[in-house]
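Enquirer: First, the structure itself, so that you have it in front of you.
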Amino acid sequence: MKQDAKLAKNYDPKAFEERIYAAWEKSGAFHAVIDRAKKPFAIVMPPPNITGQLHMGHALDQTLQDVLTRWRRMQGRCALWLPGTDHASIATEMKVAEEILATEGKSKHELGRAEFLKRAWEWKRVYGGKITEQMRKLGNSCDWERERFTMDEGCNRAVREYFVRLYEKGLIYRGNRLINWCPRCGTSLSDAEVEHEDRKGTYWYFRYPGADGGEGIVVATSRPETMFADVAIAVHPDDARYGALVGTQVLIPLTDRRIPIIADAYPDPEKGTGAVKITPAHDPNDFEVGERHGLDMPSCIDENAAMTGLAEKYMGMDRFACRKAWVAELAEAGFLVKTEEKVIPIGECYRCGAVIEPLLSDQWFVRMEELARPAILAAKEGRLTHVPERFEKIYLHWLAEVRDWCISRQLWWGHRIPAWHCDACGGIAVASETPRACPDCGATELRQDEDVLDTWFSSALWPFSTLGWPENTEELAYFYPTDVLVTGYDIIFFWVVRMVFSGLEIMGDVPFERVYVHGLVRDAEGRKMSKSLGNGIDPLEIIERYGADALRFTLISGVSAGGDMRFQTEKLEGARNFANKLWNASRFVLMNLPAADGEDGATAGDSASATGTRPDGDSATPAGTPAGGEDGALADEDLWMLRRTAEAAAEITRNMENFELSVAAQKIYELTWSDYCDWYIELVKERLYGGDEAEKARALSVLTRVLRDILKLLHPFMPFITEEIWGFLPPEGGAPAQAGTRDETSPESLLIRAAWPETAPPDGPDPATERIEKAKEVIRSIRNLRAEAAAAPSKLLNAVIVASPENLEALRREEGHLKKLAGLAAIEYASDKSGLPEETASAVTGAAEIFIPLDELIDYKAEFERLHKENARVADDVARISAKLANPGFTGKAPAKVVNAERERLAACEEMAAKLAARIAVVEKKLS
RNA sequence: GGGGGCAUAGCUCAGUUGGUUAGAGCGCAUGGAUCACAACCAUGAGGUCACAGGUUCGAAUCCUGUUGUCCCCACCA
């Protein structure tokens with residue numbers, strides 16, 4: 001696909017992002033081909049729910065992963081980023097049911113299970129497709145040939161196999177236990193799916209009269225409607241108040257049901273009245289007490305949150321309506337002793353927000369203790385690490401406290417539990433394939449369990465089910481364990497923890513070595529983006545307006561590990577402007593390169609990257625010491641720029657290794673904008689326009705080389721623009737070529753060809769670099785002086801530079817730069833000030849003193865102020881450093897390197913102070 | 001009830017093992033249509049690093065406490 005030879009004047013991401021993505025995908029470069037000679041790098045994508053569309057949180061999550069994947073791929077690793085989507089059992093089921101109700105006016109039960117599932121699969125087709133399209137717009141370099149869905153055939157096999165294995169080990173069991181029930185969703189939930197919220201509530205204190213006519217006992221409760229299922233009153237055995245009552249019986253008020261007063265360690269004498277009503281079927285603590293004492297466990301609330309027959313006349317009434325009526329009735333009858341307003345933590349369904357009702361129910365559970373142990377160990381032994389580290393504490397704490405995991409759900413959309421009930425003998429057969437007959441009695445009439453599994457049961461297998469487990473695939477052997485899991489802190493408990501223990505159990509190894517945890521994307525005011533607030537921002541709209549690269553750069557720049565970020569349009573504009581800057585710098589380079597139809601562009605596209613190693617293993621050319629015999633011919637600014645690039649590349653690599661992606665992005669930004677655009681391009685223009693063709697070619701060679709390195713370093717963050725520009729540059733290390741040909745599917749594309757710049761910058765000082773730094777300093781101070789004196793930028797000035805012989809020599813070599821960038825007509829060099837006219841403006845830098853006869857523009861007042869300010873600062877420094885050096889503690893204990901640096905600094909400051917003092921005296925005289 | 005994060009320029013945030021003058025972007029001020037870019041360039045102003053102690057030759061950085069703020073966990077007597 002050949003494109004126009006020229007870059008458009010303005011950066012317009014819409015002109016190329018889609019085209020480039022299509023070409024990338026077509027090239028097959030996202031597909032990780034197993035290569036034993038390469039080190040693998042694998043990330044499995046946290047699969048977005050198919051409930052809707054991608055939001056900003058996904059965009060952040062996926063950009064982080066894409067940056068890491070592209071970077072590692074450029075480093076020559078066999079990089080796999082495995083994409084997919086999640087069936088999200090309960091969430092999707094609710095959405096689909098809602099839709100059916102809205103469009104057809106039918107409930108899911110009216111539709112029936114089979115028909116409902118058909119609709120759900122259709123939903124998956126539509127929304128799953130939308131989501132993967134969005135991922136492409138973001139620029140995700142994921143391996144689409146390995147795309148998976150948590151409910152596809154392979155995942156289903158993995159789920160069945162895993163279930164059976166745990167069952168056979170006794171780690172999955174079926175039991176009649178107290179579970180969290182959501183009456184609105186009509187299903188059980190795991191502990192993790194219950195959210196706790198503090199709500200205002202009431203403690204009602206009721207008297208339970210003695211069965212023998214005695215006073216009885218007063219207990220507090222926030223849920224009077226559960227009284228119908230009370231089976232005992234418990235008091236602490238050491239509670240002197242109630243010692244005599246233990247063993248006696250009381251009546252549930254207004255009923256004739258007698259319940260015993262028992263002694264148990266559970267009641268806290270400090271809380272309430274110290275006596276607790278025990279309702280095993282509706283409270284987890286009470287359930288335990290009930291088990292300890294062998295109590296009955298009747299239920300008075302059913303799965304619809306309505307009262308059962310146990311509540312007698314309230315039967316069928318909603319639990320909260322019953323509460324109200326019952327309290328009124330008890331109060332009327334004189335059993336209500338007092339009430340107390342209190343803040344009570346209430347459990348709510350994380351999906352629908354309904355108040356959770358603890359119910360006694362037949363469900364499937366995973367026994368957690370044995371599974372949690374190795375997961376705890378893996379973190380403690382460092383086989384699993386968290387970035388940032390503090391999340392390890394959270395992870396460990398949860399695992400230490402975890403209770404058995406209720407995995408069955410009374411839903412339709414999900415993995416059906418691989419268990420079959422035999423009505424003949426009442427037995428249960430658990431098998432990965434449908435059994436023909438009951439293994440216990442041989443009956444052939446088997447009924448598969450109606451329930452499906454918690455959605456997280458299948459997500460827990462994601463890192464290995466996607467690689468082919470339970471088959472022994474090559475992928476599994478090569479990529480497992482994966483390198484890093486990138487995810488938000490909000491699903492550590494739901495997901496990360498469960499992947500870890502599942503991986504350890506099944507694969508005998510952690511599913512990933514690192515967990516990189518990020519936070520939430522908030523709106524500009526710092527609020528959580530939510531549907532109810534309507535403050536969500538659609539990533540697609542942002543891409544439409546600013547381009548995917550700007551979005552990605554914004555997300556990466558704003559995020560530090562584990563922290564939330566605010567999403568602001570100013571940041572987007574900044575990122576977009578940065579892209580435009582790079583675009584125009586590239587345009588500048590390209591327009592100076594020999595044209596595409598030119599006969600000889602050899603010197604422009606000559607050497608390989610300054611610092612790279614290509615994937616085919618070619619050796620790198622260290623920056624600062626370029627290949628060929630042109631070393632001596634490179635100008636100071638070339639050497640300076642190459643060195644800066646190599647230094648930046650080394651730092652950026654280190655930042656990437658430490659997951660400091662925002663710092664890395666910041667450094668590329670600086671390298672590109674400050675060093676390359678603001679200084680290097682300006683410095684190099686003299687040679688480009690100077691008429692010396694050899695100089696021009698050399699300058700272009702370095703311009704191109706550094707631009708390539710910038711494109712490479714930036715590519716993980718802004719893949720589209722870097723690829724687009726890359727395509728216009730002459731092929732790297734290839735035959736002599738010209739600007740203006742491009743084809744991103746070719747093997748020369750950045751994605752396929754470019755290697756991450758790796759070579760360390762040279763050690764030690766470099767005279768050329770130092771000369772440029774001195775020149776920059778002088779240029780800056782002259783510009784400052786000029787601005788202060790309000791001298792027209794176009795007006796050329798004459799300057800006298802006074803400095804040490806060494807610095808004079810250095811600055812003399814940069815004369816062209818000084819003249820051009822500071823707007824000077826002529827420069828005179830002097831080693832002392834004698835003989836200088838006094839009618840002059842001046843500036844003082846570390847390297848030199850500059851005097852500029854500005855004629856009528858001299859503003860001694862401004863200069864006086866500036867010099868004074870400068871002087872005050874230097875004097876401060878002198879005082880502080882002198883004090884430091886006079887302190888024997890410092891000179892004795894600080895490292896010699898630090899002490900020497902301070903000595904040198906002091907000398908420099910003192911010299912500066914002397915220069916300033918002299919000049920101030922002159923200016924003062926002028927003013928008076 | 002338990003645990004954790006954060007507090008740095010007007011705003012949003014960096015500041016990697018303690019060591020030059022604490023940085024960036026935006027915003028602000030001044031000047032500028034210069035032939036890569038006004039989505040730009042140049043120059044500048046702006047911070048007692050929440051507060052109080054402590055460790056250290058040296059603290060934005062480590063420790064303790066205080067205040068403010070956000071979050072997570074927790075079986076609703």
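Chain lettering (A, B, ...) mirrors the order of the structure tokens, residue numbering begins at 1 for each chain separately, and ligand numbering begins at 1 in order of display.
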Enumerate, in order of chain and increasing residue number, the residues of chain B with an atom no farther than 10 Å from chain A, each with its shortest atom pair and distance in Å to one decimal, counting only C-alpha atoms (C1' of nucleotides), as a Markdown table.
Expert:
```
| residue | atom | partner | partner_atom | distance |
| --- | --- | --- | --- | --- |
| B:G3 | C1' | A:Ile394 | CA | 8.3 |
| B:G4 | C1' | A:Arg390 | CA | 8.1 |
| B:G5 | C1' | A:Gly563 | CA | 8.4 |
| B:C6 | C1' | A:Gly563 | CA | 9.4 |
| B:U12 | C1' | A:Arg566 | CA | 7.7 |
| B:C13 | C1' | A:Gly558 | CA | 7.5 |
| B:A14 | C1' | A:Val663 | CA | 7.3 |
| B:G15 | C1' | A:Val663 | CA | 9.9 |
| B:U16 | C1' | A:Asn655 | CA | 8.0 |
| B:G19 | C1' | A:Val898 | CA | 6.6 |
| B:U20 | C1' | A:Glu902 | CA | 7.3 |
| B:U21 | C1' | A:Asp877 | CA | 8.0 |
| B:A24 | C1' | A:Gln666 | CA | 8.1 |
| B:G25 | C1' | A:Gly574 | CA | 7.2 |
| B:C26 | C1' | A:Glu570 | CA | 6.5 |
| B:U30 | C1' | A:Ala787 | CA | 8.1 |
| B:G31 | C1' | A:Ala787 | CA | 6.9 |
| B:G32 | C1' | A:Pro793 | CA | 7.3 |
| B:U34 | C1' | A:Ser794 | CA | 8.4 |
| B:A36 | C1' | A:Phe588 | CA | 4.1 |
| B:C37 | C1' | A:Asn584 | CA | 5.1 |
| B:A39 | C1' | A:Asn577 | CA | 4.7 |
| B:C40 | C1' | A:Lys581 | CA | 8.8 |
| B:C41 | C1' | A:Asp678 | CA | 8.8 |
| B:A42 | C1' | A:Arg783 | CA | 7.3 |
| B:U43 | C1' | A:Asn784 | CA | 5.5 |
| B:G44 | C1' | A:Asn784 | CA | 8.5 |
| B:C57 | C1' | A:Phe890 | CA | 3.7 |
| B:G58 | C1' | A:Phe890 | CA | 7.5 |
| B:C72 | C1' | A:Ile394 | CA | 8.4 |
| B:C73 | C1' | A:Trp398 | CA | 8.0 |
| B:A74 | C1' | A:His196 | CA | 8.5 |
| B:C75 | C1' | A:Pro284 | CA | 5.1 |
| B:C76 | C1' | A:Ile346 | CA | 5.2 |
| B:A77 | C1' | A:Ala220 | CA | 5.0 |
```
Enquirer: Give me the residues within 9 Å of Ala265 (chain A) as an NGL selection string, counting only C-alpha atoms (C1' of nucleotides) and dropping any in the same chain fewer than 3 places off.
Expert: :A and (234-238 or 268)
Enquirer: So which residues of region 613-782 of chain A fall under helix (DSSP H, G or I) by DSSP, listed as a ChimeraX atom specification?
Expert: /A:631-633,636-657,661-689,693-714,719-728,750-753,767-782
Enquirer: DSSP on the backbone, strand (DSSP E or B) only: what residues of region 51-243 of chain A does that give? Format it as a ChimeraX atom specification.
Expert: /A:78-82,84-86,148-149,172-182,187-189,194-208,210,217-221,232-235
Enquirer: Find the residues near Tyr162 (chain A): any atom within 9 Å, counting only C-alpha atoms (C1' of nucleotides), skip ones fewer than 3 places away on the same chain, and give them as a list in words.
Expert: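 Once the adjacent positions are removed, what remains is Arg157, Ala158, Val159, Arg165, Leu166, Tyr167, Ser432, Leu461, Pro470, Ser502 and Ile506 of chain A.
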Enquirer: Can those selected residues be exported to a file as a short mmCIF file (atom, residue, chain, number, x, y, z; two decimals), in the first residue's frame so that it contains N, CA and C atoms?
Expert:
```cif
data_model
loop_
_atom_site.label_atom_id
_atom_site.label_comp_id
_atom_site.auth_asym_id
_atom_site.auth_seq_id
_atom_site.Cartn_x
_atom_site.Cartn_y
_atom_site.Cartn_z
N ARG A 157 -14.77 -27.25 28.63
CA ARG A 157 -14.08 -28.50 28.96
C ARG A 157 -13.21 -28.32 30.18
N ALA A 158 -12.50 -27.21 30.19
CA ALA A 158 -11.62 -26.93 31.32
C ALA A 158 -12.41 -26.82 32.62
N VAL A 159 -13.54 -26.17 32.55
CA VAL A 159 -14.37 -26.01 33.73
C VAL A 159 -14.84 -27.36 34.25
N ARG A 165 -12.02 -32.67 39.11
CA ARG A 165 -10.79 -32.90 39.89
C ARG A 165 -10.93 -32.41 41.32
N LEU A 166 -11.49 -31.23 41.49
CA LEU A 166 -11.65 -30.71 42.85
C LEU A 166 -12.63 -31.59 43.62
N TYR A 167 -13.67 -32.03 42.93
CA TYR A 167 -14.68 -32.87 43.61
C TYR A 167 -14.04 -34.16 44.09
N SER A 432 -16.99 -35.37 34.02
CA SER A 432 -16.70 -34.37 32.99
C SER A 432 -17.56 -34.60 31.75
N LEU A 461 -9.73 -20.03 35.62
CA LEU A 461 -8.91 -20.94 34.83
C LEU A 461 -8.29 -20.25 33.62
N PRO A 470 -7.46 -28.59 29.33
CA PRO A 470 -6.68 -29.69 29.92
C PRO A 470 -5.77 -30.44 28.94
N SER A 502 -6.14 -21.57 41.67
CA SER A 502 -6.48 -22.56 40.65
C SER A 502 -5.25 -22.97 39.85
N ILE A 506 -3.87 -26.74 39.71
CA ILE A 506 -3.93 -27.49 38.46
C ILE A 506 -2.57 -27.60 37.78
#
```
